file data-v3.txt (compact mmCIF, C-alpha atoms)
# COMPACT_ATOMS: atom_id res chain seq x y z
CA MET A 1 -42.43 33.20 10.03
CA GLU A 2 -40.06 31.38 12.37
CA PRO A 3 -37.80 33.43 14.64
CA PRO A 4 -34.05 33.23 13.97
CA HIS A 5 -32.15 30.45 15.74
CA GLU A 6 -30.59 31.32 19.04
CA PRO A 7 -26.79 31.07 19.22
CA TYR A 8 -25.40 27.69 20.28
CA GLY A 9 -22.69 26.83 22.77
CA PRO A 10 -21.24 28.39 25.91
CA HIS A 11 -19.81 31.38 24.02
CA SER A 12 -23.07 32.16 22.25
CA GLN A 13 -21.51 31.56 18.84
CA PRO A 14 -23.83 30.34 16.07
CA TYR A 15 -23.22 26.87 14.69
CA ARG A 16 -21.30 26.79 11.43
CA PRO A 17 -20.33 23.73 9.39
CA HIS A 18 -16.64 22.88 9.25
CA GLU A 19 -14.89 24.64 6.41
CA GLU A 20 -13.37 22.47 3.70
CA VAL A 21 -9.59 22.59 3.81
CA SER A 22 -6.96 21.08 1.58
CA ARG A 23 -6.27 17.64 3.04
CA ARG A 24 -3.52 15.11 2.62
CA ARG A 25 -4.99 12.02 0.89
CA PRO A 26 -2.52 9.16 1.16
CA TRP A 27 -2.43 5.63 -0.14
CA VAL A 28 -2.32 3.11 2.69
CA VAL A 29 0.40 0.53 2.02
CA GLY A 30 0.17 -2.61 4.12
CA VAL A 31 3.10 -5.02 4.29
CA SER A 32 2.29 -8.49 5.63
CA GLY A 33 4.64 -11.29 6.67
CA ALA A 34 4.83 -13.05 3.30
CA SER A 35 8.16 -13.23 1.51
CA GLY A 36 8.47 -10.37 -0.96
CA THR A 37 9.63 -7.23 0.83
CA PRO A 38 11.39 -6.05 -2.39
CA TYR A 39 7.91 -5.81 -3.99
CA ALA A 40 6.78 -3.48 -1.21
CA ALA A 41 9.94 -1.38 -1.52
CA SER A 42 9.40 -0.97 -5.28
CA VAL A 43 5.77 0.07 -4.79
CA LEU A 44 6.74 2.58 -2.10
CA ARG A 45 9.51 4.11 -4.23
CA ALA A 46 7.16 4.49 -7.20
CA LEU A 47 4.35 6.04 -5.12
CA LEU A 48 6.70 8.60 -3.59
CA SER A 49 8.32 9.34 -6.95
CA ALA A 50 4.82 10.00 -8.34
CA GLY A 51 4.23 12.57 -5.60
CA GLU A 52 1.79 10.40 -3.67
CA ALA A 53 1.51 10.50 0.11
CA VAL A 54 1.78 7.17 1.91
CA ASP A 55 0.48 5.80 5.19
CA LEU A 56 2.58 2.74 6.01
CA VAL A 57 1.38 -0.22 8.08
CA ILE A 58 3.93 -2.98 8.62
CA SER A 59 2.68 -6.10 10.38
CA ARG A 60 4.67 -7.67 13.18
CA ALA A 61 5.36 -10.75 11.08
CA SER A 62 6.61 -8.63 8.19
CA ARG A 63 9.32 -7.13 10.40
CA LEU A 64 10.79 -10.61 10.78
CA THR A 65 10.58 -11.16 7.03
CA LEU A 66 12.22 -7.80 6.36
CA LEU A 67 15.03 -8.65 8.76
CA ASP A 68 15.52 -12.05 7.15
CA GLU A 69 15.42 -10.79 3.54
CA THR A 70 17.37 -7.56 3.95
CA GLY A 71 19.10 -7.57 7.34
CA ILE A 72 17.21 -4.37 8.23
CA SER A 73 15.42 -4.05 11.56
CA PHE A 74 12.35 -1.84 11.31
CA ARG A 75 12.18 0.04 14.60
CA ASP A 76 9.33 2.30 15.69
CA ALA A 77 11.71 4.84 17.24
CA HIS A 78 13.87 5.03 14.09
CA TRP A 79 11.41 4.11 11.38
CA ARG A 80 12.34 6.92 8.97
CA GLN A 81 15.99 5.93 9.05
CA ASP A 82 15.15 2.24 8.63
CA LEU A 83 12.67 2.97 5.83
CA GLY A 84 15.28 5.03 4.00
CA ARG A 85 17.79 2.16 4.17
CA TRP A 86 15.15 -0.29 2.96
CA LEU A 87 14.08 1.80 -0.02
CA ALA A 88 17.69 2.41 -1.05
CA ARG A 89 18.38 -1.34 -1.14
CA GLY A 90 18.22 -3.24 -4.43
CA ALA A 91 16.25 -6.44 -4.89
CA ASP A 92 19.55 -8.33 -5.18
CA GLY A 93 20.60 -7.12 -1.75
CA THR A 94 22.91 -4.33 -2.88
CA PRO A 95 22.91 -1.50 -0.29
CA ASP A 96 22.34 1.97 -1.77
CA ALA A 97 21.48 0.48 -5.17
CA PHE A 98 19.24 3.48 -5.77
CA GLU A 99 21.61 6.44 -5.89
CA ALA A 100 18.97 9.11 -5.43
CA ARG A 101 17.58 8.63 -1.95
CA VAL A 102 13.80 8.57 -1.91
CA ASP A 103 12.27 11.41 0.08
CA VAL A 104 10.20 9.83 2.86
CA ALA A 105 8.96 13.15 4.23
CA ASP A 106 5.38 12.41 3.12
CA VAL A 107 5.26 8.96 4.70
CA ARG A 108 3.37 8.41 7.93
CA HIS A 109 3.96 5.20 9.84
CA TRP A 110 1.27 3.59 11.96
CA ALA A 111 2.06 0.75 14.37
CA ALA A 112 0.28 -2.51 13.53
CA GLY A 113 -1.20 -2.71 17.01
CA ASP A 114 -2.63 0.82 16.94
CA LEU A 115 -6.31 0.19 16.29
CA ALA A 116 -7.05 3.86 17.01
CA ALA A 117 -4.84 4.94 14.07
CA GLY A 118 -6.16 7.08 11.25
CA PRO A 119 -6.69 4.28 8.68
CA SER A 120 -8.84 2.35 11.17
CA SER A 121 -11.72 4.76 10.53
CA GLY A 122 -13.75 5.31 7.39
CA SER A 123 -13.79 9.06 8.04
CA TYR A 124 -10.01 9.16 7.63
CA ASP A 125 -9.60 10.30 4.03
CA VAL A 126 -7.40 8.03 1.90
CA LYS A 127 -7.27 7.15 -1.80
CA GLY A 128 -7.23 3.41 -1.21
CA MET A 129 -5.00 0.62 0.04
CA LEU A 130 -2.34 -1.66 -1.40
CA ILE A 131 -1.31 -4.83 0.44
CA VAL A 132 2.04 -5.96 -0.89
CA PRO A 133 2.99 -8.67 -0.31
CA ALA A 134 -0.15 -10.29 1.09
CA SER A 135 0.27 -13.54 3.00
CA THR A 136 -2.46 -16.18 2.98
CA ALA A 137 -3.11 -15.42 6.65
CA CYS A 138 -3.61 -11.76 5.76
CA VAL A 139 -5.90 -12.72 2.86
CA ALA A 140 -7.98 -14.90 5.17
CA GLY A 141 -8.23 -12.22 7.84
CA VAL A 142 -9.40 -9.56 5.39
CA ALA A 143 -11.81 -11.91 3.60
CA LEU A 144 -13.38 -12.93 6.92
CA GLY A 145 -13.38 -9.41 8.34
CA LEU A 146 -11.34 -10.37 11.40
CA SER A 147 -9.52 -7.03 11.86
CA LYS A 148 -7.03 -8.60 14.27
CA ASP A 149 -4.50 -5.80 13.63
CA LEU A 150 -4.35 -2.41 11.91
CA LEU A 151 -3.45 -3.92 8.54
CA GLN A 152 -6.57 -6.09 8.45
CA ARG A 153 -8.74 -3.36 9.94
CA SER A 154 -7.55 -0.83 7.33
CA ALA A 155 -8.35 -3.28 4.55
CA SER A 156 -11.84 -3.93 5.97
CA VAL A 157 -12.45 -0.17 6.16
CA THR A 158 -11.25 0.23 2.57
CA LEU A 159 -13.76 -2.36 1.39
CA LYS A 160 -16.70 -0.98 3.36
CA GLU A 161 -15.99 2.53 2.08
CA ARG A 162 -15.83 1.20 -1.51
CA ARG A 163 -12.28 2.47 -2.01
CA PRO A 164 -9.70 0.70 -4.18
CA LEU A 165 -8.07 -2.29 -2.50
CA VAL A 166 -5.27 -4.15 -4.28
CA VAL A 167 -4.04 -7.42 -2.78
CA ALA A 168 -0.72 -8.75 -4.08
CA VAL A 169 -0.90 -12.33 -2.84
CA ARG A 170 2.42 -14.19 -2.59
CA GLU A 171 2.19 -17.91 -1.97
CA ALA A 172 2.61 -21.18 -3.87
CA PRO A 173 0.76 -23.42 -4.18
CA LEU A 174 -2.59 -21.92 -3.25
CA SER A 175 -4.95 -24.10 -1.23
CA GLY A 176 -8.65 -24.35 -2.00
CA GLN A 177 -9.40 -22.40 1.18
CA THR A 178 -7.14 -19.51 0.12
CA LEU A 179 -8.65 -19.55 -3.37
CA ARG A 180 -12.11 -19.21 -1.84
CA HIS A 181 -10.88 -16.29 0.26
CA LEU A 182 -9.46 -14.62 -2.86
CA VAL A 183 -12.79 -15.07 -4.65
CA ALA A 184 -14.53 -13.48 -1.65
CA LEU A 185 -12.18 -10.49 -1.87
CA ASP A 186 -12.82 -10.17 -5.59
CA GLU A 187 -16.56 -10.24 -5.01
CA ALA A 188 -16.16 -7.57 -2.30
CA GLY A 189 -14.50 -5.26 -4.82
CA ALA A 190 -10.80 -5.88 -4.26
CA VAL A 191 -8.33 -6.47 -7.11
CA VAL A 192 -6.19 -9.58 -6.62
CA VAL A 193 -2.74 -9.32 -8.21
CA PRO A 194 -0.64 -12.49 -7.90
CA ALA A 195 3.03 -11.69 -7.35
CA SER A 196 4.04 -13.46 -10.56
CA PRO A 197 6.45 -11.57 -12.86
CA ALA A 198 6.28 -11.75 -16.66
CA PHE A 199 9.27 -11.92 -18.99
CA TYR A 200 8.06 -10.13 -22.13
CA ALA A 201 9.24 -6.80 -20.72
CA GLY A 202 12.86 -7.86 -21.33
CA ALA A 203 14.00 -8.46 -17.76
CA THR A 204 17.78 -8.72 -17.39
CA HIS A 205 18.01 -8.28 -13.62
CA ILE A 206 16.09 -9.46 -10.57
CA GLN A 207 15.05 -5.83 -10.01
CA ASP A 208 13.25 -5.88 -13.38
CA LEU A 209 11.13 -8.85 -12.24
CA VAL A 210 10.34 -7.18 -8.93
CA ASP A 211 9.44 -3.90 -10.63
CA PHE A 212 7.08 -5.68 -13.04
CA VAL A 213 4.98 -7.01 -10.16
CA ALA A 214 5.08 -3.64 -8.39
CA GLY A 215 4.04 -1.96 -11.64
CA ARG A 216 1.04 -4.24 -12.04
CA VAL A 217 -0.03 -3.41 -8.47
CA LEU A 218 0.15 0.28 -9.29
CA ASP A 219 -1.69 -0.29 -12.59
CA ALA A 220 -4.56 -1.82 -10.61
CA ALA A 221 -4.60 1.27 -8.38
CA GLY A 222 -4.44 3.68 -11.32
CA VAL A 223 -1.11 5.23 -10.26
CA PRO A 224 1.18 6.26 -13.17
CA HIS A 225 4.69 4.80 -13.18
CA LYS A 226 7.57 3.74 -15.41
CA LEU A 227 8.55 0.50 -13.74
CA TYR A 228 8.36 -1.79 -16.78
CA ARG A 229 8.13 -1.78 -20.57
CA ARG A 230 4.52 -2.19 -21.63
CA TRP A 231 3.35 -4.59 -24.32
CA GLU A 232 2.77 -2.76 -27.61
CA GLY A 233 1.70 -5.65 -29.82
CA GLU A 234 5.08 -6.28 -31.45
CA LEU A 235 7.44 -9.17 -30.84
CA ARG A 236 10.97 -8.04 -30.02
CA GLY A 237 12.40 -10.90 -32.08
CA GLY A 238 10.33 -10.14 -35.17
CA THR A 239 7.20 -11.88 -36.43
CA ALA A 240 6.65 -15.53 -35.66
CA ASP A 241 6.24 -18.01 -38.52
CA ALA A 242 2.77 -19.43 -38.95
call {"tool": "encode", "arguments": {"input": "data-v3.txt", "output": "structure tokens"}}
result
Amino acid sequence: MEPPHEPYGPHSQPYRPHEEVSRRRPWVVGVSGASGTPYAASVLRALLSAGEAVDLVISRASRLTLLDETGISFRDAHWRQDLGRWLARGADGTPDAFEARVDVADVRHWAAGDLAAGPSSGSYDVKGMLIVPASTACVAGVALGLSKDLLQRSASVTLKERRPLVVAVREAPLSGQTLRHLVALDEAGAVVVPASPAFYAGATHIQDLVDFVAGRVLDAAGVPHKLYRRWEGELRGGTADA
């Protein structure tokens, strides 16, 4: 019979495994420099409305796009204030289009250059990652495993850990090289969602078109939402003649 183990450590305390504690498990939302910041805003609003925690990674290029498309500067020192203004803005540019301000208390922002951030490690517990919108440069970087910034690194970690990765690519037309990169992402387990709205949901406003794309991104991630009217097998205008 073996003798009992001697205590470990300088304080002669026996080794004990770490106790399981209730942990925050966010969705990582990456925003690249492609046009389409209203898509990202719609996804973020829906995630927070569904009670999901969010880790936000905004690329340096996307800050320029956000400024150009909304007039909002996203500043590290005032990111909560800037995020609140962005999420309150309508897709048509109307400030405070969303009367009920979205609570951003459960959002954590990571700088794009911070490669020591939580989402850069596979041991950092997240539900998955959504890249919306995804530029072709972002698609290429993730497909090739370049990890040049935190957005690409987080996506690479998501793939290697076999977590859900949804890539909402926004570009037209698509080159053969980009198509090959998208196939590589699909084969690696990602879901590619082109940012192309449909019209069967009865869109009457630009926000409806934006919300449709955001809703399809969330569908791919398995997050419940009410962003668009789903197809139920019936034509709104009645039956079509044969």
call {"tool": "closest_atom_pairs", "arguments": {"input": "data-v3.txt", "of": "range 70-149 of chain A", "to": "range 180-190 of chain A", "cutoff": "7 Å", "atoms": "only C-alpha atoms", "output": "tab-separated table"}}
result
residue	atom	partner	partner_atom	distance
A:Val139	CA	A:His181	CA	6.7
A:Ala140	CA	A:His181	CA	5.9
A:Ala143	CA	A:His181	CA	5.6
call {"tool": "residues_around", "arguments": {"input": "data-v3.txt", "residues": "Leu44 in chain A", "least_positions_apart": "5", "cutoff": "10 Å", "atoms": "all atoms listed in the file", "output": "ChimeraX atom specification"}}
result
/A:27,29,38-39,49-50,52-54,56,83,87,102,104,107,132,214
call {"tool": "closest_residue", "arguments": {"input": "data-v3.txt", "among": "A:Glu171, A:Asp149, A:Asp219, A:Glu232", "to": "Trp110 in chain A", "atoms": "all atoms listed in the file"}}
result
A:Asp149
call {"tool": "residues_around", "arguments": {"input": "data-v3.txt", "residues": "Ala61 in chain A", "least_positions_apart": "5", "cutoff": "12 Å", "atoms": "only C-alpha atoms", "output": "list in words"}}
result
Gly30, Val31, Ser32, Gly33, Ala34, Ser35, Thr37, Leu66, Leu67, Asp68, Phe74, Ala112, Gly113, Pro133, Ala134, Ser135, Ala137, Cys138, Asp149 and Leu151 of chain A
call {"tool": "residues_around", "arguments": {"input": "data-v3.txt", "residues": "Pro26 in chain A", "least_positions_apart": "3", "cutoff": "12 Å", "atoms": "all atoms listed in the file", "output": "JSON, numbers by chain"}}
result
{"A": [23, 29, 44, 47, 48, 51, 52, 53, 54, 55, 56, 106, 107, 108, 109, 118, 119, 124, 125, 126, 127, 128, 129, 130]}
call {"tool": "closest_residue", "arguments": {"input": "data-v3.txt", "among": "A:Pro17, A:Gly122, A:Gly71, A:Gly36", "to": "Trp86 in chain A", "atoms": "all atoms listed in the file"}}
result
A:Gly71
call {"tool": "atom_distance", "arguments": {"input": "data-v3.txt", "atom1": "CA of Gly145 in chain A", "atom2": "CA of Val169 in chain A"}}
result
17.0 Å
call {"tool": "closest_residue", "arguments": {"input": "data-v3.txt", "among": "A:Ala220, A:Ala91, A:Leu159, A:Ala77", "to": "Ile206 in chain A", "atoms": "all atoms listed in the file"}}
result
A:Ala91
call {"tool": "residues_near_point", "arguments": {"input": "data-v3.txt", "point": "(17.3, -5.8, -13.0)", "cutoff": "12 Å", "atoms": "all atoms listed in the file", "output": "PyMOL selection string"}}
result
chain A and resi 90-94+97-98+199+201-212+227-228
call {"tool": "atom_distance", "arguments": {"input": "data-v3.txt", "atom1": "CA of Trp231 in chain A", "atom2": "CA of Ala172 in chain A"}}
result
26.3 Å
call {"tool": "atom_distance", "arguments": {"input": "data-v3.txt", "atom1": "CA of Ser196 in chain A", "atom2": "CA of Ala111 in chain A"}}
result
28.8 Å
call {"tool": "closest_residue", "arguments": {"input": "data-v3.txt", "among": "A:Arg25, A:Lys160, A:Pro173, A:Ala221", "to": "Val193 in chain A", "atoms": "only C-alpha atoms"}}
result
A:Ala221
